[in-house]
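Source file: data-v2.txt (compact mmCIF, C-alpha atoms)
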```
# COMPACT_ATOMS: atom_id res chain seq x y z
CA MET A 1 141.65 85.83 153.99
CA ALA A 2 138.46 83.82 153.91
CA GLN A 3 136.23 83.88 150.88
CA PRO A 4 132.97 85.69 151.56
CA THR A 5 130.28 83.07 151.56
CA THR A 6 127.30 85.39 151.40
CA LEU A 7 127.68 86.35 147.71
CA PRO A 8 124.52 85.39 145.90
CA HIS A 9 124.71 83.04 142.98
CA PRO A 10 124.71 85.16 139.77
CA ALA A 11 121.61 83.50 138.45
CA ALA A 12 119.77 84.27 141.64
CA SER A 13 120.65 87.99 141.62
CA ALA A 14 117.52 88.89 139.69
CA THR A 15 115.29 87.54 142.42
CA HIS A 16 117.53 88.94 145.18
CA ASP A 17 117.40 92.45 143.70
CA ALA A 18 113.66 92.24 143.24
CA PRO A 19 111.56 94.02 142.20
CA ARG A 20 112.92 93.89 138.64
CA THR A 21 109.62 93.09 137.05
CA GLY A 22 108.27 95.19 134.25
CA ASN A 23 107.93 95.30 130.53
CA TRP A 24 111.54 95.34 129.48
CA ASP A 25 112.56 93.66 132.76
CA GLY A 26 114.08 96.88 134.00
CA GLY A 27 110.90 97.98 135.70
CA ASN A 28 109.84 100.33 132.95
CA GLU A 29 109.08 100.56 129.26
CA PRO A 30 111.06 103.21 127.31
CA PHE A 31 108.79 105.47 125.23
CA LYS A 32 105.82 103.40 126.51
CA ALA A 33 106.37 101.18 123.47
CA SER A 34 107.08 97.48 123.39
CA TYR A 35 110.64 96.40 122.59
CA GLY A 36 109.66 94.95 119.23
CA LYS A 37 107.75 98.01 118.09
CA LEU A 38 110.54 100.37 119.09
CA MET A 39 113.12 98.28 117.23
CA MET A 40 110.85 98.26 114.18
CA TRP A 41 110.77 102.07 114.34
CA PHE A 42 114.58 102.18 114.51
CA PHE A 43 114.89 99.79 111.58
CA LEU A 44 112.47 101.92 109.56
CA LEU A 45 114.48 105.02 110.44
CA SER A 46 117.61 103.40 109.03
CA ASP A 47 115.68 102.26 105.97
CA ALA A 48 114.41 105.82 105.51
CA PHE A 49 118.06 106.91 105.36
CA THR A 50 118.76 104.38 102.61
CA PHE A 51 115.83 105.53 100.50
CA ALA A 52 116.62 109.19 101.18
CA ALA A 53 120.15 108.55 99.93
CA PHE A 54 118.74 107.05 96.73
CA LEU A 55 116.33 109.91 96.14
CA THR A 56 118.98 112.51 96.97
CA THR A 57 121.25 110.84 94.42
CA TYR A 58 118.43 111.10 91.89
CA GLY A 59 118.06 114.82 92.64
CA MET A 60 121.77 115.46 92.37
CA ILE A 61 122.22 113.55 89.10
CA ARG A 62 119.14 115.12 87.58
CA HIS A 63 120.38 118.61 88.38
CA LYS A 64 123.73 117.70 86.88
CA HIS A 65 122.05 117.08 83.49
CA GLU A 66 120.67 119.55 81.00
CA VAL A 67 117.00 120.52 81.15
CA PHE A 68 114.75 120.53 78.10
CA THR A 69 113.86 124.20 77.74
CA GLY A 70 111.23 124.17 74.96
CA GLU A 71 107.46 123.68 75.15
CA ALA A 72 106.32 120.34 76.65
CA LYS A 73 104.48 119.40 73.41
CA ASP A 74 107.70 119.76 71.38
CA PHE A 75 109.61 117.46 73.72
CA VAL A 76 111.56 114.62 72.11
CA PHE A 77 113.66 111.96 73.82
CA SER A 78 117.37 112.67 73.65
CA THR A 79 120.42 111.53 75.56
CA ARG A 80 121.30 115.23 75.93
CA TRP A 81 118.58 116.18 78.40
CA TRP A 82 116.62 114.64 81.26
CA PRO A 83 113.26 113.28 80.07
CA ILE A 84 109.86 114.69 81.07
CA PRO A 85 108.24 111.87 83.11
CA ASP A 86 104.75 112.02 81.54
CA HIS A 87 106.34 111.36 78.15
CA VAL A 88 108.15 108.26 79.46
CA PHE A 89 105.38 106.78 81.61
CA ASN A 90 102.34 107.13 79.35
CA ALA A 91 101.32 103.54 78.58
CA PHE A 92 98.47 101.55 80.08
CA PRO A 93 98.08 97.75 79.94
CA GLY A 94 95.78 96.65 77.12
CA MET A 95 95.68 100.08 75.49
CA GLY A 96 98.54 99.62 73.06
CA GLU A 97 100.10 102.86 71.88
CA ALA A 98 97.47 105.12 73.48
CA ASN A 99 98.88 108.13 75.30
CA VAL A 100 97.78 107.93 78.95
CA PRO A 101 100.32 110.10 80.78
CA LEU A 102 100.90 108.79 84.33
CA GLY A 103 97.61 106.85 84.16
CA PHE A 104 99.03 103.50 85.18
CA VAL A 105 101.20 104.91 87.95
CA ALA A 106 98.11 106.66 89.34
CA LEU A 107 96.40 103.28 89.52
CA MET A 108 99.46 101.71 91.19
CA THR A 109 99.50 104.51 93.77
CA MET A 110 95.81 103.95 94.53
CA ILE A 111 96.39 100.21 94.95
CA LEU A 112 99.24 100.77 97.40
CA ILE A 113 97.32 103.37 99.44
CA LEU A 114 94.36 100.99 99.54
CA SER A 115 96.62 98.19 100.77
CA SER A 116 97.77 100.50 103.58
CA VAL A 117 94.13 101.05 104.53
CA THR A 118 93.36 97.32 104.66
CA MET A 119 96.52 96.90 106.76
CA VAL A 120 95.27 99.42 109.37
CA LEU A 121 91.93 97.60 109.33
CA ALA A 122 93.77 94.33 110.11
CA VAL A 123 95.62 96.01 113.01
CA GLU A 124 92.32 97.43 114.28
CA ALA A 125 90.72 93.99 114.11
CA GLY A 126 93.71 92.62 116.04
CA HIS A 127 93.08 95.10 118.86
CA ARG A 128 89.57 93.67 119.14
CA MET A 129 90.93 90.07 119.06
CA ASP A 130 88.69 89.47 116.06
CA LYS A 131 90.50 86.61 114.33
CA ALA A 132 88.15 86.36 111.34
CA ASP A 133 88.43 90.09 110.60
CA VAL A 134 92.23 90.00 110.90
CA GLN A 135 92.32 87.16 108.37
CA LYS A 136 89.97 88.99 106.00
CA TRP A 137 91.92 92.26 106.00
CA LEU A 138 95.29 90.49 105.78
CA LEU A 139 94.08 88.69 102.66
CA TRP A 140 92.99 91.99 101.10
CA THR A 141 96.38 93.51 101.92
CA ILE A 142 98.18 90.53 100.38
CA LEU A 143 95.97 90.84 97.30
CA PHE A 144 96.66 94.58 96.84
CA GLY A 145 100.36 94.11 97.55
CA SER A 146 100.65 91.36 94.96
CA THR A 147 98.66 93.42 92.45
CA PHE A 148 101.09 96.28 92.98
CA LEU A 149 104.04 93.94 92.34
CA ALA A 150 102.43 92.61 89.17
CA SER A 151 101.80 96.18 88.00
CA GLN A 152 105.39 97.06 88.65
CA ALA A 153 106.51 94.03 86.63
CA TRP A 154 104.39 95.29 83.73
CA GLU A 155 105.78 98.81 84.15
CA TRP A 156 109.34 97.46 84.06
CA GLY A 157 108.54 95.32 81.05
CA HIS A 158 107.20 98.31 79.16
CA PHE A 159 110.14 100.48 80.20
CA ILE A 160 112.61 97.82 79.05
CA HIS A 161 110.90 97.15 75.69
CA GLY A 162 110.26 100.81 75.00
CA HIS A 163 108.11 102.90 72.70
CA THR A 164 107.89 101.88 69.03
CA GLU A 165 109.42 105.09 67.66
CA GLY A 166 112.65 104.66 69.67
CA THR A 167 115.42 107.24 69.78
CA VAL A 168 118.41 107.80 67.50
CA MET A 169 121.55 107.18 69.55
CA ALA A 170 124.96 108.82 69.16
CA ASP A 171 126.15 106.11 66.72
CA GLY A 172 123.17 106.73 64.40
CA THR A 173 121.20 103.58 65.25
CA VAL A 174 117.66 103.65 66.64
CA PHE A 175 117.36 102.19 70.12
CA HIS A 176 114.14 101.03 71.77
CA GLY A 177 113.58 100.70 75.51
CA ALA A 178 116.20 100.62 78.20
CA ASN A 179 118.91 98.64 79.91
CA LEU A 180 121.64 99.64 82.36
CA ALA A 181 123.98 100.87 79.62
CA MET A 182 121.61 102.49 77.10
CA ASN A 183 118.07 103.84 76.97
CA GLN A 184 115.82 105.65 74.54
CA TYR A 185 114.43 108.08 77.10
CA GLY A 186 117.42 110.14 78.10
CA PRO A 187 120.83 109.99 79.80
CA VAL A 188 122.10 106.52 80.82
CA LEU A 189 121.71 107.33 84.51
CA PHE A 190 117.97 108.00 84.12
CA ALA A 191 117.22 104.32 83.45
CA ASP A 192 119.82 103.18 86.00
CA LEU A 193 118.15 105.23 88.73
CA PHE A 194 114.74 103.99 87.64
CA PHE A 195 115.83 100.36 87.95
CA PHE A 196 117.63 100.88 91.27
CA ILE A 197 115.04 102.99 93.07
CA THR A 198 111.82 101.31 91.94
CA GLY A 199 113.58 97.94 92.14
CA PHE A 200 114.67 98.52 95.72
CA HIS A 201 111.17 99.64 96.60
CA GLY A 202 109.68 96.63 94.82
CA THR A 203 111.97 94.33 96.81
CA HIS A 204 110.58 95.92 99.96
CA VAL A 205 107.02 95.33 98.79
CA PHE A 206 107.92 91.71 98.02
CA SER A 207 109.39 91.19 101.51
CA GLY A 208 106.27 92.81 102.94
CA VAL A 209 103.99 90.42 101.05
CA CYS A 210 106.05 87.45 102.33
CA LEU A 211 105.75 88.72 105.92
CA LEU A 212 102.01 89.21 105.48
CA VAL A 213 101.57 85.68 104.15
CA TRP A 214 103.44 84.41 107.21
CA CYS A 215 101.18 86.58 109.43
CA PHE A 216 98.11 85.15 107.76
CA ILE A 217 99.29 81.58 108.39
CA ALA A 218 100.13 82.38 112.02
CA THR A 219 96.74 84.06 112.52
CA THR A 220 94.95 81.09 111.00
CA ASN A 221 96.89 78.71 113.26
CA GLY A 222 95.79 80.78 116.25
CA THR A 223 99.36 81.72 117.25
CA PHE A 224 98.42 85.32 118.14
CA GLU A 225 95.13 84.25 119.71
CA LYS A 226 97.07 82.00 122.13
CA ARG A 227 99.63 84.75 122.74
CA GLY A 228 96.77 87.02 123.81
CA HIS A 229 97.62 89.89 121.47
CA TYR A 230 98.14 90.69 117.79
CA GLU A 231 101.18 92.92 118.22
CA MET A 232 103.05 91.13 115.43
CA ILE A 233 100.44 92.43 112.97
CA GLU A 234 101.10 95.95 114.27
CA LYS A 235 104.86 95.63 113.78
CA ILE A 236 104.54 94.25 110.26
CA GLY A 237 101.89 96.89 109.65
CA LEU A 238 104.45 99.58 110.52
CA TYR A 239 106.77 98.12 107.88
CA TRP A 240 103.97 97.95 105.32
CA HIS A 241 102.97 101.60 105.87
CA PHE A 242 106.61 102.57 105.53
CA VAL A 243 106.76 100.91 102.13
CA ASP A 244 103.65 102.89 101.15
CA LEU A 245 105.30 106.05 102.48
CA VAL A 246 108.41 105.46 100.38
CA TRP A 247 106.23 105.01 97.30
CA VAL A 248 104.61 108.41 98.00
CA PHE A 249 108.09 109.97 97.73
CA VAL A 250 109.23 107.86 94.75
CA PHE A 251 105.98 108.80 92.99
CA THR A 252 106.59 112.53 93.54
CA PHE A 253 110.27 112.61 92.61
CA PHE A 254 110.21 110.12 89.75
CA TYR A 255 106.84 110.73 88.14
CA LEU A 256 105.60 114.21 89.06
CA VAL A 257 108.55 116.59 89.46
CA MET B 1 97.85 97.09 125.55
CA ALA B 2 95.85 99.44 127.78
CA SER B 3 93.04 99.82 125.26
CA HIS B 4 92.90 96.07 124.91
CA ALA B 5 92.43 95.63 128.69
CA THR B 6 89.51 98.07 128.80
CA THR B 7 87.65 96.39 125.92
CA GLU B 8 87.94 93.06 127.68
CA HIS B 9 86.57 94.61 130.83
CA THR B 10 83.27 95.69 129.28
CA LEU B 11 82.74 92.65 127.06
CA ALA B 12 81.36 89.25 127.90
CA PRO B 13 83.86 86.39 127.41
CA GLY B 14 84.14 85.41 123.76
CA GLU B 15 82.33 88.54 122.59
CA ILE B 16 84.04 90.72 119.99
CA ALA B 17 83.85 94.52 120.07
CA LYS B 18 82.30 96.48 117.20
CA PRO B 19 84.82 97.77 114.64
CA ASN B 20 85.81 101.42 114.89
CA THR B 21 86.93 102.20 111.35
CA ALA B 22 85.44 105.60 110.44
CA TRP B 23 88.75 107.39 111.09
CA ILE B 24 90.62 104.96 108.80
CA TRP B 25 88.35 105.68 105.84
CA ARG B 26 88.55 109.41 106.58
CA VAL B 27 92.38 109.29 106.32
CA PHE B 28 92.03 107.23 103.13
CA GLY B 29 89.77 109.94 101.70
CA ILE B 30 92.34 112.62 102.55
CA LEU B 31 95.17 110.64 100.89
CA VAL B 32 93.13 110.05 97.71
CA GLY B 33 92.12 113.73 97.70
CA ILE B 34 95.72 114.95 97.93
CA THR B 35 96.77 112.56 95.13
CA ALA B 36 93.91 113.87 92.96
CA VAL B 37 95.07 117.45 93.59
CA GLU B 38 98.58 116.43 92.49
CA PHE B 39 97.20 115.16 89.19
CA VAL B 40 95.27 118.39 88.68
CA PHE B 41 98.58 120.27 88.94
CA VAL B 42 100.34 117.81 86.59
CA PHE B 43 97.88 118.52 83.78
CA LEU B 44 96.86 122.14 84.37
CA MET B 45 100.15 123.80 85.29
CA HIS B 46 103.36 124.15 83.29
CA PRO B 47 106.45 122.67 84.93
CA SER B 48 108.18 125.23 87.13
CA THR B 49 109.91 125.53 90.46
CA LEU B 50 106.60 126.64 91.94
CA ARG B 51 104.86 123.51 90.65
CA ASN B 52 107.62 121.31 92.07
CA SER B 53 107.32 123.08 95.43
CA ILE B 54 103.57 122.42 95.42
CA PHE B 55 104.26 118.72 94.76
CA ILE B 56 106.75 118.54 97.62
CA VAL B 57 104.37 120.25 100.06
CA LEU B 58 101.54 117.89 99.05
CA THR B 59 103.89 114.89 99.40
CA ILE B 60 104.86 115.95 102.91
CA MET B 61 101.16 116.31 103.76
CA LYS B 62 100.52 112.75 102.55
CA ALA B 63 103.56 111.54 104.50
CA PHE B 64 102.20 113.27 107.62
CA PHE B 65 98.88 111.42 107.42
CA ILE B 66 100.51 108.04 106.77
CA VAL B 67 103.05 108.39 109.60
CA ALA B 68 100.82 110.16 112.13
CA GLU B 69 97.62 108.16 111.67
CA PHE B 70 98.39 104.85 109.95
CA MET B 71 101.72 104.34 111.72
CA HIS B 72 100.17 105.79 114.88
CA LEU B 73 103.17 108.04 115.60
CA LYS B 74 100.94 110.97 116.58
CA HIS B 75 99.64 108.92 119.49
CA GLU B 76 103.06 107.75 120.77
CA THR B 77 105.09 109.51 123.48
CA LYS B 78 106.80 112.82 122.68
CA GLY B 79 110.20 111.18 123.10
CA LEU B 80 109.52 108.63 120.39
CA ILE B 81 108.09 111.26 118.03
CA TRP B 82 111.26 113.38 118.32
CA THR B 83 113.52 110.33 118.07
CA ILE B 84 112.07 109.68 114.61
CA LEU B 85 111.57 113.25 113.39
CA VAL B 86 114.94 114.82 114.30
CA PRO B 87 117.19 112.40 112.33
CA VAL B 88 114.82 112.47 109.35
CA SER B 89 114.73 116.27 109.29
CA LEU B 90 118.55 116.29 108.97
CA LEU B 91 118.07 114.63 105.58
CA ILE B 92 116.66 117.91 104.25
CA TRP B 93 120.12 119.39 104.61
CA LEU B 94 121.65 116.46 102.71
CA LEU B 95 119.10 116.90 99.94
CA VAL B 96 119.61 120.66 99.58
CA ALA B 97 123.41 120.35 99.74
CA LEU B 98 123.68 117.62 97.10
CA ILE B 99 121.13 119.15 94.73
CA THR B 100 123.07 122.43 94.83
CA GLU B 101 126.25 120.44 94.21
CA GLY B 102 124.58 118.67 91.29
CA SER B 103 123.57 121.97 89.65
CA PHE B 104 127.11 123.26 90.05
CA MET B 105 128.64 120.11 88.55
CA GLY B 106 126.22 120.35 85.63
CA GLU B 107 127.15 123.98 85.02
CA VAL B 108 130.85 123.15 85.00
CA LEU B 109 130.43 120.13 82.69
CA GLN B 110 128.15 121.92 80.25
CA SER B 111 130.37 125.00 79.91
CA MET B 112 133.59 122.95 79.71
CA PHE B 113 133.57 122.61 75.94
CA LYS B 114 132.08 125.97 75.05
```
Could I get this file's structure written as C-alpha cells?
Amino acid sequence: MAQPTTLPHPAASATHDAPRTGNWDGGNEPFKASYGKLMMWFFLLSDAFTFAAFLTTYGMIRHKHEVFTGEAKDFVFSTRWWPIPDHVFNAFPGMGEANVPLGFVALMTMILILSSVTMVLAVEAGHRMDKADVQKWLLWTILFGSTFLASQAWEWGHFIHGHTEGTVMADGTVFHGANLAMNQYGPVLFADLFFFITGFHGTHVFSGVCLLVWCFIATTNGTFEKRGHYEMIEKIGLYWHFVDLVWVFVFTFFYLV
Amino acid sequence: MASHATTEHTLAPGEIAKPNTAWIWRVFGILVGITAVEFVFVFLMHPSTLRNSIFIVLTIMKAFFIVAEFMHLKHETKGLIWTILVPVSLLIWLLVALITEGSFMGEVLQSMFK
C-alpha cells in the first residue's frame, strides 16, 4: 500500500485550514476579553477563594469563642473572650496613649481606596495612549500603595508591642502585645488570625507595588507605546483593585464586626 | 480595543484625547460615603446582629462598586459576569455552614466542664 503523498506538512496545516485568524487564533475571542485579561480574572477568582477561606476560618473560630456580654465601656482584655476590635485598634502614630478607636485603620482604608482611584485613572490614560498621564497616575498609585504598606508595618509594630497596661495571663504574669503563642488582647488564635490574614493581604499589596514599579519602568521605556496598547496596565489594575476589594472585607470582618 | 480604534479615528496623529474621569471620582465619592456611614454605625450603635448585618450589606455595596466600575465587570459580557459571580456566591454557603459549626463547637466546649 502506497503512502499517501498529499498529506500536508503539520506546520503548514494552519495555513491550509485557513481562515484561522482571530484574537485567540481560533477565529473568535471567548467572552470578548483578551486572553490575558480573562486569565487574570480566573487567577483573581482563585485568590478570592483563598481569602474567603481565611475569613471564613476567622468567623468560625470567633464563633467558637466566648463573647464578652457586658457593656462596651466595662470591657477588659482577657484570654477568655474574643476582644472588641475598637479596644485593640485604638492607637494613632504620634499620639502616644491617646484613645482613637479605629482612627488609623480608617486612614489606611482611605489610602487604599484612593490608590484604587489613581489606578483607574492610569488605565483611563492608557486607553487614550497618554504616556505622561499613565506615568503620573502610576506614580501616585505606587506612592499610596507604599504608604499603605508603611502604615501596616506601624500597625503590626503597635500590635506586637502592645498597650502599656498589658493583661494578666493564666500564670499570673502581665503580658504586653502579641506573638503567635501569646497575646494580651484575647485568645491565642485572635493574634494568629490577625498576623495571617493582614499579613497575606500585605504580601499581596507588596507584590502589587512591585508590579506597578515594573509597569512604570516599562511605560517610561515606551514598551506599551510601541505595542500600541496599554492592556498590561489594565491587567495589573485588575489585580490592584482586587487587593483593595479584599481589604474592604478584611476591614469589615476584622475591625468593624 | 474598540473604543481605542474610535478615538484614533477622530483625532489627528499624535493628538491625545481629553480625559474622561468624572465617573471615576463619582465612584470614589460613593466608596468614601459608604465608609463614612460604616463609622457612624460603629460609634452610634451598640454591637448587635443587626449592626453586623448592616456592616455586611454596606461591605457588599462597596464590593459591588469596586468590581462593577473599577474592575469594569459590569461592562463585560454576561458570560464573564456569571463565570465570576456564580463560584463566588457559593462561598456564602461555606461561610454560613462553618460559622454555624463554630457556634456549635463553642457551645460544646464551654458547657463541657460545667
Give me, as JSON lines, the closest atom pair and its distance (Å, one decimal) for every residue of chain B within a cut-off of 8 Å of chain A, counting only C-alpha atoms, rows sorted by chain and rising number.
```
{"residue": "B:Ser3", "atom": "CA", "partner": "A:His127", "partner_atom": "CA", "distance": 8.0}
{"residue": "B:His4", "atom": "CA", "partner": "A:His127", "partner_atom": "CA", "distance": 6.1}
{"residue": "B:Thr7", "atom": "CA", "partner": "A:Arg128", "partner_atom": "CA", "distance": 7.6}
{"residue": "B:Ile16", "atom": "CA", "partner": "A:Asp130", "partner_atom": "CA", "distance": 6.2}
{"residue": "B:Ala17", "atom": "CA", "partner": "A:Arg128", "partner_atom": "CA", "distance": 5.9}
{"residue": "B:Pro19", "atom": "CA", "partner": "A:Ala125", "partner_atom": "CA", "distance": 7.0}
{"residue": "B:Asn20", "atom": "CA", "partner": "A:Glu124", "partner_atom": "CA", "distance": 7.7}
{"residue": "B:Thr21", "atom": "CA", "partner": "A:Leu121", "partner_atom": "CA", "distance": 7.1}
{"residue": "B:Ile24", "atom": "CA", "partner": "A:Val117", "partner_atom": "CA", "distance": 6.8}
{"residue": "B:Trp25", "atom": "CA", "partner": "A:Val117", "partner_atom": "CA", "distance": 7.5}
{"residue": "B:Phe28", "atom": "CA", "partner": "A:Val117", "partner_atom": "CA", "distance": 6.7}
{"residue": "B:Leu31", "atom": "CA", "partner": "A:Ile113", "partner_atom": "CA", "distance": 7.7}
{"residue": "B:Val32", "atom": "CA", "partner": "A:Met110", "partner_atom": "CA", "distance": 7.4}
{"residue": "B:Val42", "atom": "CA", "partner": "A:Leu256", "partner_atom": "CA", "distance": 6.8}
{"residue": "B:Pro47", "atom": "CA", "partner": "A:Val257", "partner_atom": "CA", "distance": 7.9}
{"residue": "B:Arg51", "atom": "CA", "partner": "A:Val257", "partner_atom": "CA", "distance": 7.9}
{"residue": "B:Asn52", "atom": "CA", "partner": "A:Val257", "partner_atom": "CA", "distance": 5.5}
{"residue": "B:Phe55", "atom": "CA", "partner": "A:Thr252", "partner_atom": "CA", "distance": 6.7}
{"residue": "B:Ile56", "atom": "CA", "partner": "A:Thr252", "partner_atom": "CA", "distance": 7.3}
{"residue": "B:Thr59", "atom": "CA", "partner": "A:Val248", "partner_atom": "CA", "distance": 6.7}
{"residue": "B:Lys62", "atom": "CA", "partner": "A:Val248", "partner_atom": "CA", "distance": 7.5}
{"residue": "B:Ala63", "atom": "CA", "partner": "A:Leu245", "partner_atom": "CA", "distance": 6.1}
{"residue": "B:Ile66", "atom": "CA", "partner": "A:Leu245", "partner_atom": "CA", "distance": 6.7}
{"residue": "B:Val67", "atom": "CA", "partner": "A:His241", "partner_atom": "CA", "distance": 7.7}
{"residue": "B:Phe70", "atom": "CA", "partner": "A:Val120", "partner_atom": "CA", "distance": 6.3}
{"residue": "B:Met71", "atom": "CA", "partner": "A:Leu238", "partner_atom": "CA", "distance": 5.6}
{"residue": "B:Glu76", "atom": "CA", "partner": "A:Phe31", "partner_atom": "CA", "distance": 7.6}
{"residue": "B:Thr77", "atom": "CA", "partner": "A:Phe31", "partner_atom": "CA", "distance": 5.8}
{"residue": "B:Gly79", "atom": "CA", "partner": "A:Phe31", "partner_atom": "CA", "distance": 6.3}
{"residue": "B:Leu80", "atom": "CA", "partner": "A:Phe31", "partner_atom": "CA", "distance": 5.8}
{"residue": "B:Ile84", "atom": "CA", "partner": "A:Leu45", "partner_atom": "CA", "distance": 6.7}
{"residue": "B:Val88", "atom": "CA", "partner": "A:Leu45", "partner_atom": "CA", "distance": 7.5}
{"residue": "B:Leu91", "atom": "CA", "partner": "A:Ala52", "partner_atom": "CA", "distance": 7.1}
{"residue": "B:Leu94", "atom": "CA", "partner": "A:Thr56", "partner_atom": "CA", "distance": 7.5}
{"residue": "B:Leu95", "atom": "CA", "partner": "A:Thr56", "partner_atom": "CA", "distance": 5.3}
{"residue": "B:Leu98", "atom": "CA", "partner": "A:Met60", "partner_atom": "CA", "distance": 5.5}
{"residue": "B:Ile99", "atom": "CA", "partner": "A:Met60", "partner_atom": "CA", "distance": 4.4}
{"residue": "B:Thr100", "atom": "CA", "partner": "A:Met60", "partner_atom": "CA", "distance": 7.5}
{"residue": "B:Glu101", "atom": "CA", "partner": "A:Met60", "partner_atom": "CA", "distance": 6.9}
{"residue": "B:Gly102", "atom": "CA", "partner": "A:Met60", "partner_atom": "CA", "distance": 4.4}
{"residue": "B:Ser103", "atom": "CA", "partner": "A:His63", "partner_atom": "CA", "distance": 4.8}
{"residue": "B:Phe104", "atom": "CA", "partner": "A:Lys64", "partner_atom": "CA", "distance": 7.2}
{"residue": "B:Met105", "atom": "CA", "partner": "A:Lys64", "partner_atom": "CA", "distance": 5.7}
{"residue": "B:Gly106", "atom": "CA", "partner": "A:Lys64", "partner_atom": "CA", "distance": 3.8}
{"residue": "B:Glu107", "atom": "CA", "partner": "A:Lys64", "partner_atom": "CA", "distance": 7.4}
{"residue": "B:Gln110", "atom": "CA", "partner": "A:Glu66", "partner_atom": "CA", "distance": 7.9}
```
Those selected residues, please, written with C-alpha atoms and delivered as a PDB file, in the frame of the given file.
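So the final result, stored in again_23.pdb, reads:
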```pdb
ATOM      1  CA  SER B   3      93.040  99.820 125.260  1.00  0.00           C
ATOM      2  CA  HIS B   4      92.900  96.070 124.910  1.00  0.00           C
ATOM      3  CA  THR B   7      87.650  96.390 125.920  1.00  0.00           C
ATOM      4  CA  ILE B  16      84.040  90.720 119.990  1.00  0.00           C
ATOM      5  CA  ALA B  17      83.850  94.520 120.070  1.00  0.00           C
ATOM      6  CA  PRO B  19      84.820  97.770 114.640  1.00  0.00           C
ATOM      7  CA  ASN B  20      85.810 101.420 114.890  1.00  0.00           C
ATOM      8  CA  THR B  21      86.930 102.200 111.350  1.00  0.00           C
ATOM      9  CA  ILE B  24      90.620 104.960 108.800  1.00  0.00           C
ATOM     10  CA  TRP B  25      88.350 105.680 105.840  1.00  0.00           C
ATOM     11  CA  PHE B  28      92.030 107.230 103.130  1.00  0.00           C
ATOM     12  CA  LEU B  31      95.170 110.640 100.890  1.00  0.00           C
ATOM     13  CA  VAL B  32      93.130 110.050  97.710  1.00  0.00           C
ATOM     14  CA  VAL B  42     100.340 117.810  86.590  1.00  0.00           C
ATOM     15  CA  PRO B  47     106.450 122.670  84.930  1.00  0.00           C
ATOM     16  CA  ARG B  51     104.860 123.510  90.650  1.00  0.00           C
ATOM     17  CA  ASN B  52     107.620 121.310  92.070  1.00  0.00           C
ATOM     18  CA  PHE B  55     104.260 118.720  94.760  1.00  0.00           C
ATOM     19  CA  ILE B  56     106.750 118.540  97.620  1.00  0.00           C
ATOM     20  CA  THR B  59     103.890 114.890  99.400  1.00  0.00           C
ATOM     21  CA  LYS B  62     100.520 112.750 102.550  1.00  0.00           C
ATOM     22  CA  ALA B  63     103.560 111.540 104.500  1.00  0.00           C
ATOM     23  CA  ILE B  66     100.510 108.040 106.770  1.00  0.00           C
ATOM     24  CA  VAL B  67     103.050 108.390 109.600  1.00  0.00           C
ATOM     25  CA  PHE B  70      98.390 104.850 109.950  1.00  0.00           C
ATOM     26  CA  MET B  71     101.720 104.340 111.720  1.00  0.00           C
ATOM     27  CA  GLU B  76     103.060 107.750 120.770  1.00  0.00           C
ATOM     28  CA  THR B  77     105.090 109.510 123.480  1.00  0.00           C
ATOM     29  CA  GLY B  79     110.200 111.180 123.100  1.00  0.00           C
ATOM     30  CA  LEU B  80     109.520 108.630 120.390  1.00  0.00           C
ATOM     31  CA  ILE B  84     112.070 109.680 114.610  1.00  0.00           C
ATOM     32  CA  VAL B  88     114.820 112.470 109.350  1.00  0.00           C
ATOM     33  CA  LEU B  91     118.070 114.630 105.580  1.00  0.00           C
ATOM     34  CA  LEU B  94     121.650 116.460 102.710  1.00  0.00           C
ATOM     35  CA  LEU B  95     119.100 116.900  99.940  1.00  0.00           C
ATOM     36  CA  LEU B  98     123.680 117.620  97.100  1.00  0.00           C
ATOM     37  CA  ILE B  99     121.130 119.150  94.730  1.00  0.00           C
ATOM     38  CA  THR B 100     123.070 122.430  94.830  1.00  0.00           C
ATOM     39  CA  GLU B 101     126.250 120.440  94.210  1.00  0.00           C
ATOM     40  CA  GLY B 102     124.580 118.670  91.290  1.00  0.00           C
ATOM     41  CA  SER B 103     123.570 121.970  89.650  1.00  0.00           C
ATOM     42  CA  PHE B 104     127.110 123.260  90.050  1.00  0.00           C
ATOM     43  CA  MET B 105     128.640 120.110  88.550  1.00  0.00           C
ATOM     44  CA  GLY B 106     126.220 120.350  85.630  1.00  0.00           C
ATOM     45  CA  GLU B 107     127.150 123.980  85.020  1.00  0.00           C
ATOM     46  CA  GLN B 110     128.150 121.920  80.250  1.00  0.00           C
TER      47      GLN B 110
END
```
Subject >> Nearby residues (only C-alpha atoms) at most 10 Å from Cys210 in chain A, same-chain spacing under 4 positions excluded, as number ranges by chain >> reply: A: 142, 145-146, 204-206, 214-216
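With only C-alpha atoms taken into account, every residue lying no more than 9 Å from the file point (96.5, 119.1, 99.1) is included here: Ile30, Leu31, Gly33, Ile34, Thr35, Ala36, Val37, Glu38, Ile54, Phe55, Val57, Leu58, Thr59, Met61 and Lys62 of chain B.
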Subject >> Distance of CA of Ala191 in chain A from CA of Gly162 in chain A, expressed in Å to one decimal place >> reply: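 Pair CA of Gly162 in chain A / CA of Ala191 in chain A returns 11.5 Å.
Atom pair CA of Leu73 in chain B / CA of Trp137 in chain A: separated by 21.6 Å.
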Subject >> Distance in Å - CA of His87 in chain A versus CA of Ala150 in chain A >> reply: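 So the answer is 22.1 Å.
Each of A:Thr167, A:Asn179, A:Thr223, A:Thr198 was checked against Phe54 in chain A using only C-alpha atoms; the smallest atom-to-atom distance is that of A:Thr198.
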**OP:** Between B:Ser48, B:Phe65, B:Lys74, B:Ser53, single out the one closest to Gly29 in chain B, counting all atoms listed in the file.
**Re:**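 Nearest candidate to Gly29 in chain B out of B:Ser48, B:Phe65, B:Lys74, B:Ser53: B:Phe65.
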